[in-house]
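Reviewing the structure listed below.
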Amino acid sequence: MIYEGGCHCGRIAFEVEGELGLVNECNCSHCRPKGYLLWFLPREQPRMATPEADMSTYRFNKHQIAHHFCPVCGVAPFADGEQDGKKMAAVNVRCLHGVEPSQLEIRQVDGRSF
Ligand SMILES: [Zn+2]
């Protein structure tokens, strides 16, 4: 299945190919206010349709994760970083067209306690 996603205004657009299963909702100080529902994938996904340089990026704590967001509309469709030496992406499935969050299996992650 190929999903199309991006921000609200279209400055960030991409495709993601894969089977959308369990997604992660985290209660940490960063994920909770943004409302992320995250799908972890290899960094080859998402495949960008717009220039990476058009995104703004927020880093905090150890600065290992690049949380991308749109400088125009503010929507934050994905992040990337490394896990066990592998480049990974975390796609916010709320930003994928045609995905209904209430139909998903959501795992609660207690990031606040990490
Ligand atoms: Zn935008």
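In the structure tokens, chains take letters A, B, ... by order of appearance, with residues numbered from 1 within each chain and ligands from 1 in the order shown.
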Contacts of chain A with ligand 1 up to 12 Å, shortest pair per row, only C-alpha atoms and all ligand atoms, as JSON lines:
```
{"residue": "A:Gly5", "atom": "CA", "partner": "ligand 1", "partner_atom_place_in_ligand_line": "1 (Zn)", "distance": 11.3}
{"residue": "A:Gly6", "atom": "CA", "partner": "ligand 1", "partner_atom_place_in_ligand_line": "1 (Zn)", "distance": 7.7}
{"residue": "A:Cys7", "atom": "CA", "partner": "ligand 1", "partner_atom_place_in_ligand_line": "1 (Zn)", "distance": 4.5}
{"residue": "A:His8", "atom": "CA", "partner": "ligand 1", "partner_atom_place_in_ligand_line": "1 (Zn)", "distance": 4.8}
{"residue": "A:Cys9", "atom": "CA", "partner": "ligand 1", "partner_atom_place_in_ligand_line": "1 (Zn)", "distance": 3.8}
{"residue": "A:Gly10", "atom": "CA", "partner": "ligand 1", "partner_atom_place_in_ligand_line": "1 (Zn)", "distance": 5.2}
{"residue": "A:Arg11", "atom": "CA", "partner": "ligand 1", "partner_atom_place_in_ligand_line": "1 (Zn)", "distance": 4.8}
{"residue": "A:Ile12", "atom": "CA", "partner": "ligand 1", "partner_atom_place_in_ligand_line": "1 (Zn)", "distance": 6.0}
{"residue": "A:Ala13", "atom": "CA", "partner": "ligand 1", "partner_atom_place_in_ligand_line": "1 (Zn)", "distance": 8.9}
{"residue": "A:Thr50", "atom": "CA", "partner": "ligand 1", "partner_atom_place_in_ligand_line": "1 (Zn)", "distance": 11.2}
{"residue": "A:Asp54", "atom": "CA", "partner": "ligand 1", "partner_atom_place_in_ligand_line": "1 (Zn)", "distance": 9.6}
{"residue": "A:Met55", "atom": "CA", "partner": "ligand 1", "partner_atom_place_in_ligand_line": "1 (Zn)", "distance": 8.8}
{"residue": "A:Ser56", "atom": "CA", "partner": "ligand 1", "partner_atom_place_in_ligand_line": "1 (Zn)", "distance": 10.2}
{"residue": "A:His68", "atom": "CA", "partner": "ligand 1", "partner_atom_place_in_ligand_line": "1 (Zn)", "distance": 10.9}
{"residue": "A:Phe69", "atom": "CA", "partner": "ligand 1", "partner_atom_place_in_ligand_line": "1 (Zn)", "distance": 7.7}
{"residue": "A:Cys70", "atom": "CA", "partner": "ligand 1", "partner_atom_place_in_ligand_line": "1 (Zn)", "distance": 4.5}
{"residue": "A:Pro71", "atom": "CA", "partner": "ligand 1", "partner_atom_place_in_ligand_line": "1 (Zn)", "distance": 6.6}
{"residue": "A:Val72", "atom": "CA", "partner": "ligand 1", "partner_atom_place_in_ligand_line": "1 (Zn)", "distance": 5.0}
{"residue": "A:Cys73", "atom": "CA", "partner": "ligand 1", "partner_atom_place_in_ligand_line": "1 (Zn)", "distance": 4.0}
{"residue": "A:Gly74", "atom": "CA", "partner": "ligand 1", "partner_atom_place_in_ligand_line": "1 (Zn)", "distance": 6.0}
{"residue": "A:Val75", "atom": "CA", "partner": "ligand 1", "partner_atom_place_in_ligand_line": "1 (Zn)", "distance": 6.0}
{"residue": "A:Ala76", "atom": "CA", "partner": "ligand 1", "partner_atom_place_in_ligand_line": "1 (Zn)", "distance": 8.5}
{"residue": "A:Pro77", "atom": "CA", "partner": "ligand 1", "partner_atom_place_in_ligand_line": "1 (Zn)", "distance": 9.4}
{"residue": "A:Cys95", "atom": "CA", "partner": "ligand 1", "partner_atom_place_in_ligand_line": "1 (Zn)", "distance": 10.9}
```
Atom CA of A:Arg107 to atom CA of A:Ser29: how many Å, to one decimal? 17.2 Å
Would you kindly return, as a PyMOL selection string, each protein, DNA or RNA residue with an atom no farther than 10 Å from any atom of A:Ala66, considering only C-alpha atoms and excluding same-chain residues fewer than 4 positions away? chain A and resi 56-60+78-82+89-90
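Compared by their closest atoms to A:Glu19, and using only C-alpha atoms, the residues A:Tyr3, A:Gly85, A:Pro101, A:Arg32 rank with A:Tyr3 nearest.
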Within chain A, find each residue whose DSSP state, derived from the backbone, is strand (DSSP E or B), and express the selection as a PyMOL selection string. chain A and resi 2-6+13-17+23-26+38-42+47-48+56-58+66-69+78-83+86-92+96+106-109
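Nearest residue to A:Gly18 among A:Pro42, A:His30, A:Leu37, A:Arg94 is A:Pro42, counting only C-alpha atoms.
One finds atom CA of A:Trp39 at 14.1 Å from atom CA of A:Lys87.
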Selected residue, from A:Ile65, A:Ala53, A:Ile106, A:Met48, that lies nearest to A:Val93 when counting only C-alpha atoms: A:Ile106
Could you give me, as a count of residues only, each residue of chain A that DSSP assigns to helix (DSSP H, G or I) when run on this structure's backbone? 16
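Of note, atom CA of A:Pro33 and atom CA of A:Lys86 are spaced 27.4 Å apart.
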